[in-house]
Amino acid sequence: MPTVAPLDLEGHCLAAGFLGDVPHFALADGTVHRLDHGHKTVQANDGMLAAVHDAANDRLITGGEDGKIFAVTAGGNTTELATAGKKWITSVAAGPQGAVAYASGKIAYVRFADGKTREFSHPRSVEGLAFSPKGMRFGVARYNGATLHFPAADGKPVELEWAGAHTGITFSPDGSFVVTTMQENALHGWKLADGKHMRMSGYPGKVKSLSWSAKGKWLASSGAPAAIVWPFSGKDGPMGKAPLELGTRGNAMVTCVACHPSQDVVAIGYDDGMVMAVRFADAREVLLRRPGKGAVTSMMWDKEERRVAFGSAAGDCGVIDISA
C-alpha cells in the first residue's frame with residue numbers, strides 16, 4: 001500500500017511538485033512550502049495567482065497580485081525576474097532557453113534569459129499561456145481562439161480561430177497539436193500542419209487540468225467523473241476515436257490529472273481529495289490516497305517515478321510514496 005506523508009497547510013495550493021528531490025507547495029497567499037529535513041517556508045508573491053514548474057531549469061515560476069514574477073529554486077531562493085507594476089499577473093509559463101512568459105490583462109510578455117522583455121498585445125484578455133516544446137514559440141488562449149507568437153523573431157502571429165472563451169492552452173510534446181480548455185465544458189484542438197479542428201466535448205464539468213503522456217500519445221483531462229484520456233497517436237489526433245475513461249467514480253469529479261513520466265499510467269485526483277493511479281492498457285486501478293479535505297488541484301511525479309506530490313484547494317497537501 002502506498003504511504004502518504006501529509007502536510008496540512010492553510011489555503012489554496014496552486015502548484016505541488018519537486019525541485020530536485022524536494023517536494024514544494026505554492027499557495028495562493030504567496031508562500032512556498034517545502035519538505036526539506038523538516039517543513040520550511042519562503043515568501044514569494046504577495047498574493048499568488050499563477051505558478052508553474054519549469055522542468056528545464058528545475059524551478060518554480062510564480063506570478064501574482066503584486067504584479068511580480070518570481071523564480072523559486074530548490075534551496076528556497078527566490079529571485080524577482082520581472083514586474084508589471086500594479087497589474088495582476090494572471091498566467092505564467094516556462095519556455096526553452098530560460099525564457100518565461102506571463103500575462104496581465106490583454107498583454108502577454110516574454111522575458112528572455114538575458115532579461116530582455118517583449119510585449120504582445122491582444123484585443124481581449126489573455127487567459128492562458130504555453131510554450132511549444134519545439135523552438136521559441138508560445139501560444140496564448142484568448143476569446144474566440146488562440147494566437148501563436150514567435151517572440152525571438154518579428155514574423156506575424158498565427159491566429160487559430162474558434163468561437164467561445166478559451167481559458168488554457170497546451171502544445172503536444174512533438175509540437176504538432178495545440179489544445180485549449182474552454183469556458184464551456186469542452187476542449188478544442190488544432191493540427192498545426194493544416195489547421196484542422198478537433199472538437200472534444202461531452203464533459204459534464206469544466207476542464208481545468210490537462211496532462212500529456214510520456215511520449216505524447218495520450219492527453220488526459222479532468223472535468224468528468226473519470227479521467228478522459230484522448231488518443232493522439234494518429235496523424236489527426238483524436239478525431240473519430242473514442243477517449244479512454246479511467247478511474248470512473250459515480251459520486252466524485254476528477255479535478256486533476258498527472259501522467260507518469262515514462263509509463264502509460266495517470267495519477268487522478270478527485271474533488272473529495274482522493275488520488276488513484278490507473279494504467280491505460282487495462283484500466284487497472286491502485287488507490288494512492290483516501291479522500292481528504294478539498295479538491296485536488298495539483299500533482300507531480302518525481303524524477304525517480306516513485307513519489308507523487310499533491311496539493312488541494314483546502315491546503316491539504318502531501319507526498320505519496322508508491323514504492324512503500
# chains A, B, ... in the order shown; residues from 1 in each chain; ligands from 1
>>> residues_around(residues="Thr170 (chain A)", least_positions_apart="3", cutoff="7 Å", atoms="only C-alpha atoms", output="count of residues only")
4
>>> residues_around(residues="region 242-244 of chain A", least_positions_apart="2", cutoff="10 Å", atoms="only C-alpha atoms", output="PyMOL selection string")
chain A and resi 200+218-220+226-232+238-240+246-247+280-281+283
>>> write_last_selection(atoms="C-alpha atoms", output="PDB file, in the first residue's frame")
ATOM      1  CA  MET A 200     -13.503  17.264 -27.729  1.00  0.00           C
ATOM      2  CA  TRP A 218      -2.395  10.435 -24.964  1.00  0.00           C
ATOM      3  CA  LEU A 219      -3.858  13.591 -23.423  1.00  0.00           C
ATOM      4  CA  ALA A 220      -5.504  13.100 -20.017  1.00  0.00           C
ATOM      5  CA  ALA A 226     -13.451   9.760 -14.800  1.00  0.00           C
ATOM      6  CA  ALA A 227     -10.183  10.906 -16.330  1.00  0.00           C
ATOM      7  CA  ILE A 228     -10.994  11.425 -20.026  1.00  0.00           C
ATOM      8  CA  VAL A 229      -7.899  10.343 -22.000  1.00  0.00           C
ATOM      9  CA  TRP A 230      -7.806  11.244 -25.705  1.00  0.00           C
ATOM     10  CA  PRO A 231      -5.669   9.280 -28.213  1.00  0.00           C
ATOM     11  CA  PHE A 232      -3.144  11.392 -30.128  1.00  0.00           C
ATOM     12  CA  PRO A 238      -8.386  12.042 -31.556  1.00  0.00           C
ATOM     13  CA  MET A 239     -10.741  12.722 -34.457  1.00  0.00           C
ATOM     14  CA  GLY A 240     -13.135   9.817 -34.964  1.00  0.00           C
ATOM     15  CA  LEU A 246     -10.218   5.828 -16.462  1.00  0.00           C
ATOM     16  CA  GLY A 247     -10.847   5.788 -12.710  1.00  0.00           C
ATOM     17  CA  PHE A 280      -4.110   2.876 -19.741  1.00  0.00           C
ATOM     18  CA  ALA A 281      -3.726  -0.654 -21.155  1.00  0.00           C
ATOM     19  CA  ALA A 283      -7.669   0.330 -16.645  1.00  0.00           C
TER      20      ALA A 283
END
>>> residues_around(residues="Gly273 (chain A)", least_positions_apart="6", cutoff="8 Å", atoms="only C-alpha atoms", output="list in words")
Arg289, Arg290, Pro291, Gly292, Lys293, Gly294, Ala295, Val296 and Ser312 of chain A
>>> write_last_selection(atoms="C-alpha atoms", output="JSON list (two decimals), in the first residue's frame")
[["chain", "number", "residue", "atom", "x", "y", "z"],
["A", 289, "ARG", "CA", -4.74, 8.28, -1.18],
["A", 290, "ARG", "CA", -8.09, 8.07, 0.55],
["A", 291, "PRO", "CA", -10.48, 11.05, 0.39],
["A", 292, "GLY", "CA", -9.31, 14.10, 2.36],
["A", 293, "LYS", "CA", -10.11, 17.80, 2.64],
["A", 294, "GLY", "CA", -10.62, 19.78, -0.54],
["A", 295, "ALA", "CA", -10.42, 19.04, -4.25],
["A", 296, "VAL", "CA", -7.00, 18.00, -5.60],
["A", 312, "SER", "CA", -5.65, 20.69, -2.68]]
>>> residues_around(residues="Leu60 (chain A)", least_positions_apart="5", cutoff="7 Å", atoms="only C-alpha atoms", output="list in words")
Ala51, Val52, His53, Asp54, Ala71, Val72 and Thr73 of chain A
>>> atom_distance(atom1="CA of Ser213 (chain A)", atom2="CA of Gly234 (chain A)")
14.5 Å
>>> residues_around(residues="region 190-193 of chain A", least_positions_apart="6", cutoff="9 Å", atoms="only C-alpha atoms", output="compact mmCIF listing (two decimals) with N, CA, C and O atoms, in the first residue's frame")
# COMPACT_ATOMS: atom_id res chain seq x y z
N LEU A 160 -5.48 31.14 -34.55
CA LEU A 160 -6.30 29.93 -34.60
C LEU A 160 -7.68 30.30 -34.05
O LEU A 160 -7.81 30.62 -32.87
N GLY A 175 4.93 19.03 -30.64
CA GLY A 175 4.66 20.33 -31.25
C GLY A 175 3.66 20.30 -32.39
O GLY A 175 3.45 21.32 -33.06
N SER A 176 3.00 19.16 -32.64
CA SER A 176 2.10 19.04 -33.80
C SER A 176 0.70 19.59 -33.55
O SER A 176 0.01 19.96 -34.48
N PHE A 177 0.27 19.56 -32.28
CA PHE A 177 -1.09 19.94 -31.95
C PHE A 177 -1.10 21.02 -30.88
O PHE A 177 -0.22 21.07 -30.02
N VAL A 178 -2.13 21.86 -30.93
CA VAL A 178 -2.43 22.80 -29.85
C VAL A 178 -3.83 22.46 -29.34
O VAL A 178 -4.74 22.24 -30.14
N VAL A 179 -3.98 22.40 -28.01
CA VAL A 179 -5.29 22.12 -27.41
C VAL A 179 -5.59 23.21 -26.38
O VAL A 179 -4.71 23.58 -25.59
N THR A 180 -6.82 23.71 -26.40
CA THR A 180 -7.24 24.70 -25.40
C THR A 180 -8.37 24.14 -24.55
O THR A 180 -9.18 23.35 -25.02
N ARG A 199 -12.68 18.74 -32.09
CA ARG A 199 -13.65 19.08 -31.04
C ARG A 199 -13.70 17.94 -30.04
O ARG A 199 -13.92 16.80 -30.42
N LYS A 235 -2.22 10.57 -37.05
CA LYS A 235 -1.83 11.87 -37.61
C LYS A 235 -2.90 12.95 -37.41
O LYS A 235 -2.59 14.13 -37.43
N ASP A 236 -4.15 12.54 -37.21
CA ASP A 236 -5.23 13.51 -36.99
C ASP A 236 -5.67 13.57 -35.53
O ASP A 236 -6.77 14.04 -35.23
N GLY A 237 -4.82 13.08 -34.64
CA GLY A 237 -5.16 13.16 -33.22
C GLY A 237 -6.40 12.34 -32.91
O GLY A 237 -6.59 11.24 -33.45
>>> closest_residue(among="A:Gly250, A:Gly20, A:Gly168, A:Gly145", to="Glu304 (chain A)", atoms="only C-alpha atoms")
A:Gly20
>>> atom_distance(atom1="CA of Gly189 (chain A)", atom2="CA of Val254 (chain A)")
20.9 Å
>>> select_by_dssp(residues="region 134-296 of chain A", states="strand (DSSP E or B)", output="PyMOL selection string")
chain A and resi 138-149+158-171+177-182+186-191+196-201+210-212+218-221+227-231+244-246+254-259+265-270+275-279+285-289+296
>>> residues_around(residues="Ala99 (chain A)", least_positions_apart="6", cutoff="7 Å", atoms="only C-alpha atoms", output="tab-separated table (two decimals) with N, CA, C and O atoms, in the first residue's frame")
chain	number	residue	atom	x	y	z
A	110	VAL	N	7.06	38.19	-22.82
A	110	VAL	CA	8.08	37.14	-22.78
A	110	VAL	C	9.37	37.77	-22.29
A	110	VAL	O	9.84	38.76	-22.84
A	111	ARG	N	9.90	37.18	-21.22
A	111	ARG	CA	11.20	37.62	-20.69
A	111	ARG	C	12.22	36.55	-21.06
A	111	ARG	O	12.08	35.39	-20.70
A	112	PHE	N	13.25	36.98	-21.79
A	112	PHE	CA	14.32	36.06	-22.17
A	112	PHE	C	15.32	35.92	-21.02
A	112	PHE	O	15.32	36.72	-20.08
A	113	ALA	N	16.18	34.91	-21.12
A	113	ALA	CA	17.13	34.64	-20.04
A	113	ALA	C	18.07	35.82	-19.78
A	113	ALA	O	18.54	36.00	-18.65
>>> atom_distance(atom1="CA of Gly315 (chain A)", atom2="CA of Ala44 (chain A)")
17.0 Å
